[in-house]
Amino acid sequence: MSDHFKQSPPFHPGMTVGILGAGQLGRMLALAGYPLGLRFRFFDLAPDAPASHLAAQMVADYNDYAALERFATGLDVVTYEFENVPVAAARWLAERVPVYPPPQALEAAQDRLAEKTFFRKLGIPTPPFAAVNSLADLQAAVASISLPAVLKTRRGGYDGKGQFLLREPADLEAAWTALGGVPLILEGFVAFDRELSIIAVRDRDGGIMAYPLVENHHREGILRLSLAPIPPPLQHGRVGQGSNRQIWDGGATLEVDAIGYVAQAMQALNYVGVLAIELFEVGGKLLANEMAPRVHNSGHWTIEGAVTSQFENHLRAILGLPLGATTALGHSAMLNIIGTLPDPAAVLSVSGAHLHLYGKQARANRKLGHITLCAADPETLARRLARLQRLITDFPQQ
Ligand code: AMP
């Protein structure tokens, strides 16, 4: 089923973009769109969301069709910054206004089982996985995948929520008690060398541009630090380990594979806009963990660190404009600000540091902003990161 029900109008300044979700991603989309003369309207259940400080926000539930009707009136295009928008609402809107990325991409990304099955069908490697709907299923899945393994809810999980690590057979009952009752997926636990992500953008004519591969560091399931382009694995003491690559090729081999995977996924979905795929690197090979049909936290560095940011390129794609170059301008690090705000003046005293605050109230584990550090070379970047490390109490570990 094609999701492009509505013909898109040609670009003209003053077009109004409707965004489902009014969090920081929506806010950064609007910030990238104002120079193009765009207007924005947001839709979110939470009042006073980060994007509402920039443009009108409708506060309503995604299943409130009367509110969606009012939201859609006068919009030129609709996109989303929140991947758990109900697919039915996105499809309903797509009958009235062009919606990009296509709602079928939402559908594929919302369910971890559908997502991994989609990857498998395209030949994109994944960790082993199996559907789990009962304790008996879980026992059978553990017998075939073996331990350690990760039990996850198929829907609604984010930032590591709705997950249970199974180390030994005695953990099965506890995992089932913690998560059972909703559809689940068991995945083999991947002892990865590192976590990477690939972000690409596809235009309305099928042209694709990809950003350099990014190295990501999580703690408690939350992204803390991204490094772009990926540094050599040497600093992890693993050059060539598990592979025949004794000489670091700048990540070119991994990047070719990653771009191939994201391009295949985009083509299969008739995708328009930015798509991110989170990957595990293990023994010089990549396994796909999940995809996000939207701009992505591991792409925030592109605002200052790439020729064209992921936010601007997403807007260019959905508006039928030519895509901008995705080349990195140097070496960048992106640090999420989580839970507590650092002293802004201290952060900005570090050369190459750019502070982005989302206008949110501080709360434990909440993403309040991010810092992008830019430098011409990796050594300068490392020095600047060390300076930031002394200023930020909760500094991400590499
Ligand atoms: P997710 O919500 O799937 O992105 O998972 C959050 C984090 O949990 C990931 O970024 C990984 O650090 C870790 N994780 C998820 N799935 C696995 C897995 N199959 N093996 C090892 N670590 C995992």
# chains A, B, ... in the order shown; residues from 1 in each chain; ligands from 1
>>> residues_near_ligand(ligand="ligand 1", cutoff="9 Å", atoms="only C-alpha atoms and all ligand atoms", output="JSON, numbers by chain")
{"A": [112, 126, 127, 128, 129, 148, 149, 150, 151, 152, 157, 158, 159, 160, 161, 162, 163, 165, 186, 187, 188, 189, 190, 191, 192, 194, 195, 216, 217, 218, 219, 220, 221, 222, 223, 278, 279, 280, 289, 290, 291]}
>>> residues_around(residues="Gln139 (chain A)", least_positions_apart="6", cutoff="12 Å", atoms="only C-alpha atoms", output="MDAnalysis selection string")
chainID A and resid 130:133 145:147 149 151 166 168:173 175:176 186
>>> write_last_selection(atoms="N, CA and C atoms", output="short mmCIF file (atom, residue, chain, number, x, y, z; two decimals), in the first residue's frame")
data_model
loop_
_atom_site.label_atom_id
_atom_site.label_comp_id
_atom_site.auth_asym_id
_atom_site.auth_seq_id
_atom_site.Cartn_x
_atom_site.Cartn_y
_atom_site.Cartn_z
N ALA A 130 13.52 -13.92 18.44
CA ALA A 130 12.32 -14.75 18.35
C ALA A 130 11.18 -14.04 19.07
N ALA A 131 9.96 -14.26 18.57
CA ALA A 131 8.77 -13.69 19.21
C ALA A 131 8.48 -14.47 20.50
N VAL A 132 8.02 -13.74 21.54
CA VAL A 132 7.69 -14.38 22.82
C VAL A 132 6.33 -13.87 23.28
N ASN A 133 5.37 -14.83 23.38
CA ASN A 133 4.04 -14.45 23.86
C ASN A 133 3.62 -15.22 25.10
N ILE A 145 18.14 -19.58 21.09
CA ILE A 145 19.07 -18.43 20.97
C ILE A 145 20.23 -18.58 21.96
N SER A 146 19.96 -19.19 23.09
CA SER A 146 20.88 -19.41 24.22
C SER A 146 21.18 -18.11 24.99
N LEU A 147 21.70 -18.29 26.20
CA LEU A 147 21.94 -17.15 27.10
C LEU A 147 23.39 -16.68 26.97
N ALA A 149 20.78 -13.32 26.91
CA ALA A 149 19.84 -12.79 25.91
C ALA A 149 19.09 -11.62 26.54
N LEU A 151 15.38 -9.75 26.82
CA LEU A 151 13.94 -9.80 26.57
C LEU A 151 13.44 -8.36 26.52
N LEU A 166 18.76 -11.44 30.50
CA LEU A 166 18.72 -12.80 31.03
C LEU A 166 20.12 -13.38 31.00
N GLU A 168 21.08 -16.22 33.24
CA GLU A 168 21.05 -17.67 33.54
C GLU A 168 19.61 -18.15 33.56
N PRO A 169 19.41 -19.47 33.44
CA PRO A 169 18.05 -19.99 33.34
C PRO A 169 17.14 -19.53 34.48
N ALA A 170 17.72 -19.32 35.67
CA ALA A 170 16.91 -18.89 36.83
C ALA A 170 16.27 -17.52 36.59
N ASP A 171 16.78 -16.74 35.61
CA ASP A 171 16.24 -15.39 35.36
C ASP A 171 14.94 -15.40 34.55
N LEU A 172 14.60 -16.55 33.97
CA LEU A 172 13.47 -16.57 33.03
C LEU A 172 12.15 -16.16 33.69
N GLU A 173 11.90 -16.75 34.84
CA GLU A 173 10.62 -16.48 35.52
C GLU A 173 10.52 -15.01 35.90
N ALA A 175 12.05 -12.48 34.53
CA ALA A 175 11.90 -11.67 33.32
C ALA A 175 10.46 -11.72 32.84
N TRP A 176 9.88 -12.92 32.90
CA TRP A 176 8.50 -13.08 32.45
C TRP A 176 7.56 -12.30 33.37
N LEU A 186 12.65 -11.86 22.15
CA LEU A 186 13.92 -12.22 22.78
C LEU A 186 15.01 -12.03 21.74
#
>>> closest_residue(among="A:Leu321, A:Ile392, A:Ala386, A:Ala263", to="Ile337 (chain A)", atoms="only C-alpha atoms")
A:Ile392
>>> closest_residue(among="A:Thr153, A:Asn365, A:Thr326, A:Gln24", to="Thr308 (chain A)", atoms="only C-alpha atoms")
A:Thr326
>>> select_by_dssp(residues="region 196-374 of chain A", states="strand (DSSP E or B)", output="NGL selection string")
:A and (196-202 or 208-210 or 214-219 or 222-228 or 273-282 or 285-292 or 306 or 328 or 331-338 or 353-357 or 367-374)
>>> select_by_dssp(residues="region 112-322 of chain A", states="alpha helix (DSSP H)", output="number ranges by chain")
A: 112-121, 135-145, 171-179, 252-269, 302-305, 310-318
>>> closest_atom_pairs(of="region 187-228 of chain A", to="region 369-384 of chain A", cutoff="10 Å", atoms="only C-alpha atoms", output="Markdown table")
| residue | atom | partner | partner_atom | distance |
| --- | --- | --- | --- | --- |
| A:Arg224 | CA | A:His370 | CA | 9.3 |
| A:Leu225 | CA | A:His370 | CA | 9.4 |
| A:Ser226 | CA | A:Thr372 | CA | 9.3 |
| A:Leu227 | CA | A:Leu373 | CA | 9.6 |
| A:Ala228 | CA | A:Cys374 | CA | 9.7 |
>>> atom_distance(atom1="CA of Thr73 (chain A)", atom2="CA of Gly18 (chain A)")
9.8 Å
>>> closest_residue(among="A:Tyr100, A:Trp248, A:Tyr65, A:Phe164", to="Tyr271 (chain A)", atoms="only C-alpha atoms")
A:Tyr100
>>> residues_around(residues="region 79-81 of chain A", least_positions_apart="2", cutoff="7 Å", atoms="only C-alpha atoms", output="JSON, numbers by chain")
{"A": [18, 19, 20, 21, 25, 26, 77, 83, 99, 100, 101, 294, 295]}
>>> write_last_selection(atoms="N, CA and C atoms", output="short mmCIF file (atom, residue, chain, number, x, y, z; two decimals), in the first residue's frame")
data_model
loop_
_atom_site.label_atom_id
_atom_site.label_comp_id
_atom_site.auth_asym_id
_atom_site.auth_seq_id
_atom_site.Cartn_x
_atom_site.Cartn_y
_atom_site.Cartn_z
N GLY A 18 3.53 20.94 9.43
CA GLY A 18 2.94 20.43 10.66
C GLY A 18 3.82 19.33 11.21
N ILE A 19 4.10 19.37 12.50
CA ILE A 19 4.97 18.34 13.10
C ILE A 19 4.23 17.65 14.23
N LEU A 20 4.13 16.33 14.13
CA LEU A 20 3.52 15.52 15.19
C LEU A 20 4.60 15.27 16.24
N GLY A 21 4.36 15.77 17.43
CA GLY A 21 5.38 15.75 18.48
C GLY A 21 5.99 17.12 18.57
N LEU A 25 13.32 17.49 19.25
CA LEU A 25 13.60 17.23 17.82
C LEU A 25 12.76 18.16 16.96
N GLY A 26 11.51 18.36 17.36
CA GLY A 26 10.63 19.29 16.64
C GLY A 26 11.16 20.71 16.74
N VAL A 77 2.49 20.32 4.47
CA VAL A 77 3.11 19.00 4.61
C VAL A 77 3.13 18.66 6.10
N GLU A 83 8.28 8.73 17.24
CA GLU A 83 7.98 7.57 16.40
C GLU A 83 6.81 6.73 16.89
N VAL A 99 2.17 13.37 3.91
CA VAL A 99 2.84 13.00 5.16
C VAL A 99 4.15 12.29 4.82
N TYR A 100 5.25 12.82 5.30
CA TYR A 100 6.57 12.20 5.11
C TYR A 100 7.27 12.16 6.46
N PRO A 101 8.03 11.10 6.75
CA PRO A 101 8.18 9.86 6.03
C PRO A 101 6.84 9.11 5.95
N ARG A 294 13.01 9.19 11.74
CA ARG A 294 12.97 10.61 12.12
C ARG A 294 14.41 11.07 12.32
N VAL A 295 14.55 12.39 12.56
CA VAL A 295 15.86 12.89 12.97
C VAL A 295 16.25 12.22 14.28
#
